[in-house]
$ cat protein.cif   # mmCIF, C-alpha atoms
data_structure
#
loop_
_atom_site.group_PDB
_atom_site.id
_atom_site.type_symbol
_atom_site.label_atom_id
_atom_site.label_comp_id
_atom_site.auth_asym_id
_atom_site.auth_seq_id
_atom_site.Cartn_x
_atom_site.Cartn_y
_atom_site.Cartn_z
ATOM 1 C CA MET V 35 3.343 14.098 -2.177
ATOM 2 C CA TRP V 36 -0.314 14.959 -2.800
ATOM 3 C CA HIS V 37 -3.442 12.903 -2.272
ATOM 4 C CA ARG V 38 -6.315 14.054 -4.446
ATOM 5 C CA GLN V 39 -9.856 12.702 -4.390
ATOM 6 C CA HIS V 40 -12.614 13.445 -6.891
ATOM 7 C CA GLN V 41 -16.292 12.682 -7.032
ATOM 8 C CA LEU V 42 -17.745 12.180 -10.475
ATOM 9 C CA GLY V 43 -21.332 12.032 -11.596
ATOM 10 C CA ARG V 44 -22.989 11.688 -14.967
ATOM 11 C CA ARG V 45 -25.575 14.173 -16.210
ATOM 12 C CA THR V 46 -28.972 12.779 -17.148
ATOM 13 C CA THR V 47 -28.732 14.245 -20.634
ATOM 14 C CA GLN V 48 -25.931 14.565 -23.172
ATOM 15 C CA LEU V 49 -24.514 17.944 -24.177
ATOM 16 C CA GLY V 50 -26.552 17.792 -27.363
ATOM 17 C CA GLY V 51 -29.770 17.306 -25.415
ATOM 18 C CA GLY V 52 -30.322 13.572 -25.981
ATOM 19 C CA ASP V 53 -30.650 11.049 -23.182
ATOM 20 C CA PHE V 54 -27.753 8.796 -22.220
ATOM 21 C CA GLY V 55 -28.330 5.162 -23.056
ATOM 22 C CA ASP V 56 -28.177 2.508 -20.361
ATOM 23 C CA GLU V 57 -24.851 0.690 -19.925
ATOM 24 C CA PRO V 58 -25.227 -2.305 -17.573
ATOM 25 C CA THR V 59 -21.564 -3.315 -17.826
ATOM 26 C CA ARG V 60 -18.464 -1.614 -16.492
ATOM 27 C CA ARG V 61 -16.311 -2.222 -19.530
ATOM 28 C CA SER V 62 -15.253 1.394 -19.952
ATOM 29 C CA ARG V 63 -14.445 2.194 -16.318
ATOM 30 C CA SER V 64 -10.761 1.236 -16.559
ATOM 31 C CA LEU V 65 -10.224 3.565 -19.516
ATOM 32 C CA LEU V 66 -11.925 6.321 -17.511
ATOM 33 C CA PHE V 67 -9.665 5.706 -14.500
ATOM 34 C CA ILE V 68 -6.533 5.772 -16.666
ATOM 35 C CA ALA V 69 -7.708 8.946 -18.440
ATOM 36 C CA LEU V 70 -8.282 10.707 -15.118
ATOM 37 C CA GLY V 71 -4.909 9.540 -13.831
ATOM 38 C CA LEU V 72 -3.127 10.791 -16.922
ATOM 39 C CA ALA V 73 -4.943 14.114 -16.668
ATOM 40 C CA HIS V 74 -3.483 14.619 -13.189
ATOM 41 C CA ALA V 75 -0.070 13.304 -14.202
ATOM 42 C CA SER V 76 0.026 15.854 -17.033
ATOM 43 C CA ILE V 77 -0.143 18.843 -14.655
ATOM 44 C CA GLU V 78 3.279 20.471 -14.441
ATOM 45 C CA PRO V 79 5.632 19.066 -13.461
ATOM 46 C CA ARG V 80 4.556 16.116 -15.596
ATOM 47 C CA VAL V 81 5.109 12.692 -14.056
ATOM 48 C CA PRO V 82 4.553 9.110 -15.218
ATOM 49 C CA LEU V 83 1.294 7.440 -14.182
ATOM 50 C CA TRP V 84 1.818 4.183 -12.305
ATOM 51 C CA VAL V 85 -0.944 1.623 -12.715
ATOM 52 C CA ALA V 86 -0.151 -0.992 -10.090
ATOM 53 C CA GLU V 87 -1.193 -4.517 -11.112
ATOM 54 C CA ASN V 88 0.543 -7.816 -10.537
ATOM 55 C CA GLY V 89 2.183 -9.246 -13.626
ATOM 56 C CA TYR V 90 0.055 -12.392 -13.787
ATOM 57 C CA ALA V 91 -3.266 -10.520 -13.707
ATOM 58 C CA ALA V 92 -1.932 -7.956 -16.192
ATOM 59 C CA LEU V 93 -1.086 -10.684 -18.706
ATOM 60 C CA ASN V 94 -4.193 -12.660 -17.668
ATOM 61 C CA PRO V 95 -3.545 -15.743 -19.818
ATOM 62 C CA PRO V 96 -6.817 -17.613 -20.466
ATOM 63 C CA LEU V 97 -7.461 -20.361 -17.918
ATOM 64 C CA ALA V 98 -9.084 -22.489 -20.626
ATOM 65 C CA GLY V 99 -9.746 -22.300 -24.358
ATOM 66 C CA GLU V 100 -13.247 -20.915 -23.886
ATOM 67 C CA ARG V 101 -11.880 -18.087 -21.723
ATOM 68 C CA ARG V 102 -10.223 -16.229 -24.565
ATOM 69 C CA GLY V 103 -11.593 -12.919 -25.782
ATOM 70 C CA ALA V 104 -13.948 -10.930 -23.577
ATOM 71 C CA LEU V 105 -13.698 -13.374 -20.662
ATOM 72 C CA SER V 106 -10.017 -12.528 -20.185
ATOM 73 C CA THR V 107 -9.789 -8.832 -19.377
ATOM 74 C CA ARG V 108 -6.933 -6.855 -20.904
ATOM 75 C CA THR V 109 -7.228 -3.690 -18.797
ATOM 76 C CA THR V 110 -3.570 -3.575 -17.725
ATOM 77 C CA HIS V 111 -2.099 -5.759 -20.444
ATOM 78 C CA PRO V 112 1.258 -4.537 -21.862
ATOM 79 C CA VAL V 113 -0.293 -4.274 -25.334
ATOM 80 C CA VAL V 114 -3.049 -1.993 -24.030
ATOM 81 C CA PHE V 115 -0.512 0.254 -22.345
ATOM 82 C CA ASP V 116 1.657 0.310 -25.459
ATOM 83 C CA GLN V 117 -1.229 1.172 -27.780
ATOM 84 C CA LEU V 118 -2.619 3.796 -25.407
ATOM 85 C CA GLN V 119 0.751 5.533 -25.231
ATOM 86 C CA ARG V 120 1.065 5.476 -29.007
ATOM 87 C CA LEU V 121 -2.448 6.840 -29.489
ATOM 88 C CA ILE V 122 -2.085 9.622 -26.907
ATOM 89 C CA GLY V 123 1.347 10.518 -28.245
ATOM 90 C CA THR V 124 -0.078 10.841 -31.759
ATOM 91 C CA VAL V 125 -2.505 13.540 -30.632
ATOM 92 C CA GLY V 126 0.118 15.286 -28.503
ATOM 93 C CA GLY V 127 -1.208 14.248 -25.104
ATOM 94 C CA HIS V 128 0.555 13.040 -21.964
ATOM 95 C CA GLY V 129 0.587 9.257 -22.181
ATOM 96 C CA ALA V 130 3.420 8.218 -19.870
ATOM 97 C CA LEU V 131 2.031 5.233 -17.996
ATOM 98 C CA SER V 132 3.583 2.031 -16.724
ATOM 99 C CA ASN V 133 3.036 -0.890 -14.393
ATOM 100 C CA PRO V 134 5.832 -0.990 -11.780
ATOM 101 C CA PHE V 135 4.815 -4.499 -10.680
ATOM 102 C CA SER V 136 4.660 -6.169 -14.079
ATOM 103 C CA ALA V 137 7.392 -8.647 -13.078
ATOM 104 C CA ALA V 138 5.793 -9.657 -9.757
ATOM 105 C CA THR V 139 2.951 -11.963 -8.784
ATOM 106 C CA LYS V 140 0.301 -10.820 -6.348
ATOM 107 C CA GLY V 141 1.747 -13.118 -3.683
ATOM 108 C CA GLU V 142 5.141 -11.472 -4.148
ATOM 109 C CA MET V 143 3.521 -8.042 -3.840
ATOM 110 C CA TYR V 144 1.786 -9.107 -0.614
ATOM 111 C CA ALA V 145 5.079 -10.393 0.752
ATOM 112 C CA GLU V 146 6.659 -7.010 -0.033
ATOM 113 C CA VAL V 147 3.883 -5.229 1.892
ATOM 114 C CA ALA V 148 4.498 -7.547 4.869
ATOM 115 C CA ALA V 149 8.230 -6.854 4.709
ATOM 116 C CA ILE V 150 7.581 -3.106 4.878
ATOM 117 C CA LEU V 151 4.762 -3.002 7.451
ATOM 118 C CA GLY V 152 5.307 -6.240 9.356
ATOM 119 C CA ARG V 153 3.275 -9.421 8.965
ATOM 120 C CA ASP V 154 0.400 -8.539 11.299
ATOM 121 C CA ALA V 155 -0.046 -4.968 10.063
ATOM 122 C CA GLY V 156 0.373 -6.077 6.460
ATOM 123 C CA ALA V 157 -2.245 -8.816 6.797
ATOM 124 C CA LYS V 158 -4.684 -6.414 8.453
ATOM 125 C CA LEU V 159 -4.250 -3.756 5.773
ATOM 126 C CA LEU V 160 -4.480 -6.178 2.851
ATOM 127 C CA SER V 161 -7.574 -7.818 4.335
ATOM 128 C CA MET V 162 -9.309 -4.434 4.178
ATOM 129 C CA SER V 163 -8.866 -4.219 0.397
ATOM 130 C CA HIS V 164 -11.489 -5.354 -2.127
ATOM 131 C CA SER V 165 -10.946 -7.653 -5.105
ATOM 132 C CA CYS V 166 -14.357 -9.168 -5.870
ATOM 133 C CA ALA V 167 -16.123 -8.776 -9.208
ATOM 134 C CA HIS V 168 -19.531 -9.614 -7.723
ATOM 135 C CA VAL V 169 -20.199 -6.797 -5.303
ATOM 136 C CA ARG V 170 -23.943 -7.465 -5.107
ATOM 137 C CA TRP V 171 -23.942 -11.198 -4.563
ATOM 138 C CA ALA V 172 -24.211 -10.731 -0.798
ATOM 139 C CA MET V 173 -27.685 -9.214 -1.081
ATOM 140 C CA GLY V 174 -30.187 -11.399 0.728
ATOM 141 C CA THR V 175 -27.539 -13.467 2.502
ATOM 142 C CA GLY V 176 -27.450 -11.464 5.734
ATOM 143 C CA TYR V 177 -23.890 -10.309 5.048
ATOM 144 C CA PRO V 178 -22.919 -6.700 4.255
ATOM 145 C CA PRO V 179 -23.476 -5.847 0.572
ATOM 146 C CA ASP V 180 -19.741 -5.430 -0.083
ATOM 147 C CA THR V 181 -18.879 -8.928 1.185
ATOM 148 C CA GLN V 182 -16.637 -10.653 -1.358
ATOM 149 C CA CYS V 183 -17.722 -13.902 -3.017
ATOM 150 C CA GLY V 184 -14.400 -15.747 -2.720
ATOM 151 C CA VAL V 185 -14.660 -17.623 -6.023
ATOM 152 C CA CYS V 186 -14.457 -15.103 -8.872
ATOM 153 C CA PHE V 187 -11.092 -14.702 -10.587
ATOM 154 C CA GLY V 188 -10.240 -11.594 -8.563
ATOM 155 C CA CYS V 189 -11.077 -13.300 -5.270
ATOM 156 C CA LEU V 190 -9.149 -16.458 -6.111
ATOM 157 C CA VAL V 191 -6.035 -14.490 -7.091
ATOM 158 C CA ARG V 192 -6.404 -12.501 -3.869
ATOM 159 C CA ARG V 193 -6.752 -15.625 -1.724
ATOM 160 C CA SER V 194 -3.805 -17.242 -3.473
ATOM 161 C CA ALA V 195 -1.685 -14.177 -2.703
ATOM 162 C CA PHE V 196 -2.387 -14.439 1.023
ATOM 163 C CA LEU V 197 -1.528 -18.140 0.883
ATOM 164 C CA ALA V 198 1.678 -17.600 -1.112
ATOM 165 C CA ALA V 199 2.836 -14.807 1.185
ATOM 166 C CA GLY V 200 2.011 -16.840 4.296
ATOM 167 C CA LEU V 201 -0.283 -14.099 5.616
ATOM 168 C CA ASP V 202 -3.476 -14.446 7.609
ATOM 169 C CA ASP V 203 -6.416 -13.657 5.330
ATOM 170 C CA GLN V 204 -8.959 -11.970 7.588
ATOM 171 C CA THR V 205 -11.440 -11.387 4.756
ATOM 172 C CA THR V 206 -14.984 -12.741 4.966
ATOM 173 C CA TYR V 207 -15.897 -14.681 1.804
ATOM 174 C CA LEU V 208 -19.425 -15.839 1.029
ATOM 175 C CA HIS V 209 -18.072 -19.103 -0.373
ATOM 176 C CA THR V 210 -16.514 -20.164 2.917
ATOM 177 C CA ALA V 211 -18.828 -18.302 5.320
ATOM 178 C CA ILE V 212 -22.115 -19.796 4.107
ATOM 179 C CA ALA V 213 -22.810 -23.523 4.261
ATOM 180 C CA ARG V 214 -22.901 -25.010 0.768
ATOM 181 C CA ASP V 215 -26.551 -26.106 0.985
ATOM 182 C CA GLN V 216 -27.548 -22.569 2.007
ATOM 183 C CA GLN V 217 -25.614 -20.702 -0.671
ATOM 184 C CA PRO V 218 -27.447 -18.919 -3.513
ATOM 185 C CA ALA V 219 -27.427 -21.048 -6.655
ATOM 186 C CA ARG V 220 -25.285 -18.598 -8.605
ATOM 187 C CA LEU V 221 -22.600 -18.704 -5.898
ATOM 188 C CA ARG V 222 -22.563 -22.521 -5.883
ATOM 189 C CA ASN V 223 -22.437 -22.659 -9.674
ATOM 190 C CA ALA V 224 -19.679 -20.048 -9.885
ATOM 191 C CA ALA V 225 -17.654 -21.864 -7.241
ATOM 192 C CA ARG V 226 -17.774 -25.130 -9.120
ATOM 193 C CA GLN V 227 -17.010 -23.551 -12.491
ATOM 194 C CA GLU V 228 -14.188 -21.298 -11.315
ATOM 195 C CA ILE V 229 -12.473 -23.744 -8.982
ATOM 196 C CA LEU V 230 -12.510 -26.631 -11.442
ATOM 197 C CA THR V 231 -11.329 -24.328 -14.253
ATOM 198 C CA VAL V 232 -8.408 -23.113 -12.140
ATOM 199 C CA ARG V 233 -7.503 -26.709 -11.256
ATOM 200 C CA TYR V 234 -7.486 -27.532 -14.981
ATOM 201 C CA ALA V 235 -5.338 -24.489 -15.773
ATOM 202 C CA GLY V 236 -2.900 -25.379 -12.995
ATOM 203 C CA SER V 237 -2.375 -28.868 -14.402
ATOM 204 C CA ARG V 238 -2.116 -27.539 -17.966
ATOM 205 C CA GLY V 239 0.277 -24.651 -17.302
ATOM 206 C CA VAL V 240 0.915 -21.544 -19.389
ATOM 207 C CA SER V 241 2.346 -21.719 -22.893
ATOM 208 C CA ALA V 242 3.963 -19.170 -25.161
ATOM 209 C CA ALA V 243 0.945 -19.485 -27.450
ATOM 210 C CA ASP V 244 -1.339 -18.404 -24.579
ATOM 211 C CA LEU V 245 0.580 -15.167 -24.160
ATOM 212 C CA LEU V 246 1.229 -14.506 -27.828
ATOM 213 C CA SER V 247 -2.464 -14.908 -28.658
ATOM 214 C CA ALA V 248 -3.006 -11.501 -27.038
ATOM 215 C CA GLY V 249 0.300 -10.134 -28.353
ATOM 216 C CA LEU V 250 3.290 -8.620 -26.579
ATOM 217 C CA PRO V 251 5.016 -5.298 -27.281
ATOM 218 C CA ALA V 252 8.520 -5.488 -28.711
ATOM 219 C CA ASP V 253 10.074 -4.279 -25.448
ATOM 220 C CA VAL V 254 8.488 -7.068 -23.356
ATOM 221 C CA SER V 255 10.485 -10.286 -23.132
ATOM 222 C CA LEU V 256 8.441 -13.411 -23.847
ATOM 223 C CA GLU V 257 10.673 -15.385 -21.492
ATOM 224 C CA GLU V 258 10.093 -12.947 -18.628
ATOM 225 C CA ALA V 259 6.360 -12.830 -19.339
ATOM 226 C CA LEU V 260 6.171 -16.624 -19.295
ATOM 227 C CA ASN V 261 8.105 -16.694 -16.039
ATOM 228 C CA VAL V 262 5.792 -14.353 -14.146
ATOM 229 C CA ALA V 263 2.693 -15.977 -15.669
ATOM 230 C CA ALA V 264 3.858 -19.434 -14.564
ATOM 231 C CA ARG V 265 4.593 -18.211 -11.030
ATOM 232 C CA GLY V 266 1.233 -16.491 -10.814
ATOM 233 C CA LEU V 267 -0.641 -19.546 -12.059
ATOM 234 C CA SER V 268 1.237 -21.702 -9.570
ATOM 235 C CA GLU V 269 0.003 -19.453 -6.762
ATOM 236 C CA LEU V 270 -3.532 -19.499 -8.107
ATOM 237 C CA ALA V 271 -3.654 -23.267 -8.517
ATOM 238 C CA ALA V 272 -2.491 -23.816 -4.941
ATOM 239 C CA VAL V 273 -5.501 -22.079 -3.393
ATOM 240 C CA VAL V 274 -8.115 -24.325 -5.028
ATOM 241 C CA ASP V 275 -6.460 -27.511 -3.818
ATOM 242 C CA THR V 276 -7.421 -26.810 -0.220
ATOM 243 C CA ALA V 277 -9.744 -29.364 1.330
ATOM 244 C CA ALA V 278 -12.371 -26.725 2.171
ATOM 245 C CA ASP V 279 -12.757 -25.645 -1.446
ATOM 246 C CA LEU V 280 -12.755 -29.115 -2.924
ATOM 247 C CA ALA V 281 -15.373 -30.295 -0.448
ATOM 248 C CA ARG V 282 -17.696 -27.537 -1.607
ATOM 249 C CA VAL V 283 -17.600 -28.347 -5.302
ATOM 250 C CA THR V 284 -17.351 -32.146 -5.440
#

$ encode --input "protein.cif" --output "structure tokens"
Amino acid sequence: MWHRQHQLGRRTTQLGGGDFGDEPTRRSRSLLFIALGLAHASIEPRVPLWVAENGYAALNPPLAGERRGALSTRTTHPVVFDQLQRLIGTVGGHGALSNPFSAATKGEMYAEVAAILGRDAGAKLLSMSHSCAHVRWAMGTGYPPDTQCGVCFGCLVRRSAFLAAGLDDQTTYLHTAIARDQQPARLRNAARQEILTVRYAGSRGVSAADLLSAGLPADVSLEEALNVAARGLSELAAVVDTAADLARVT
């Protein structure tokens, strides 16, 4: 087994001599990561590229009607993988990629880690990982700049996984570490919006229409997709019903 690390940097000018335009979003980073992974996987002997994502987050059914489209990322969605493989195969490239955890929730993945490493070691290792989408929200709060917010979708799924697996979450979250009246306005607003939206989604559930709106490849069972999506949403809904969270948004 090999462990390879690479550092990448962008030139200030394009090959043709023009300047690169500014791109404030990170919309293309996932495609870049997959492309780099496939490039390594294509070196003889060729191997499949595993993109490890829990099944619920991969399907990412919209939590509410207004969350369809760009607000529900499709980075690891089965349709994206299927279309990427078709496209790369058409041009003769190596496009063997799959998600080995597509049938598991994040809580089930955390429980598997604990079963392999032990509960204490598993909790410690998982607490060192990073899930937050708002890596700069800690600026000006006195906490390290990589402190996680605790209320974005990634953080809530992460927290729900610890809860579902019965593991001690040793992560510092801005949402629970800072008193509500001292939190930056954007953190308070995000907490209210995200937590109440997840509560709504938990009471509403996941329907076949939610999953089919984004499509499913022919080799993916709708019944199995609904099953993992329902289990994942159940985990997610449980974390926002804690007294600490509700007290901070009501």

$ residues_around --input "protein.cif" --residues "Gly156 in chain V" --least-positions-apart "6" --cutoff "8 Å" --atoms "only C-alpha atoms" --output "list in words"
Tyr144, Val147, Ala148 and Ile150 of chain V

$ atom_distance --input "protein.cif" --atom1 "CA of His168 in chain V" --atom2 "CA of Val191 in chain V"
14.4 Å

$ resolve_selection --input "protein.cif" --expression "the PyMOL selection byres ((chain V and resi 259) around 12)" --output "PyMOL selection string"
chain V and resi 88-95+111-112+136-139+240-246+249-251+253-258+260-266

$ residues_around --input "protein.cif" --residues "range 171-178 of chain V" --least-positions-apart "2" --cutoff "9 Å" --atoms "all atoms listed in the file" --output "PyMOL selection string"
chain V and resi 168-169+180-183+208+212+217-218+220-221

$ atom_distance --input "protein.cif" --atom1 "CA of Ala69 in chain V" --atom2 "CA of Leu131 in chain V"
10.4 Å

$ axis_aligned_box --input "protein.cif" --around "range 63-79 of chain V" --padding-each-side "8 Å" --output "lines of an AutoDock Vina configuration file"
center_x = -4.4
center_y = 10.9
center_z = -16.4
size_x = 36.1
size_y = 35.2
size_z = 22.3

$ resolve_selection --input "protein.cif" --expression "the PyMOL selection byres ((chain V and resi 164) around 10)" --output "VMD selection string"
chain V and resid 160 to 163 165 to 167 169 180 to 182 188 to 189 192 205

$ residues_around --input "protein.cif" --residues "range 50-66 of chain V" --least-positions-apart "6" --cutoff "10 Å" --atoms "all atoms listed in the file" --output "PyMOL selection string"
chain V and resi 44+72+104+107-110+118

$ closest_residue --input "protein.cif" --among "V:His128, V:Arg233, V:Gln227, V:Leu267" --to "Ser194 in chain V" --atoms "only C-alpha atoms"
V:Leu267

$ resolve_selection --input "protein.cif" --expression "the PyMOL selection byres ((chain V and resi 38) around 12)" --output "number ranges by chain"
V: 35-37, 39-41, 70-71, 74-75

$ atom_distance --input "protein.cif" --atom1 "CA of Leu42 in chain V" --atom2 "CA of Ile77 in chain V"
19.3 Å

$ closest_residue --input "protein.cif" --among "V:Gly236, V:Gly200, V:Pro79, V:Gly129" --to "Ala145 in chain V" --atoms "all atoms listed in the file"
V:Gly200

$ closest_residue --input "protein.cif" --among "V:Gly43, V:Pro82, V:Gly99, V:Gly141" --to "Tyr234 in chain V" --atoms "all atoms listed in the file"
V:Gly99

$ closest_residue --input "protein.cif" --among "V:Ala155, V:Ala213, V:Ala130, V:Ala271" --to "Asp116 in chain V" --atoms "all atoms listed in the file"
V:Ala130
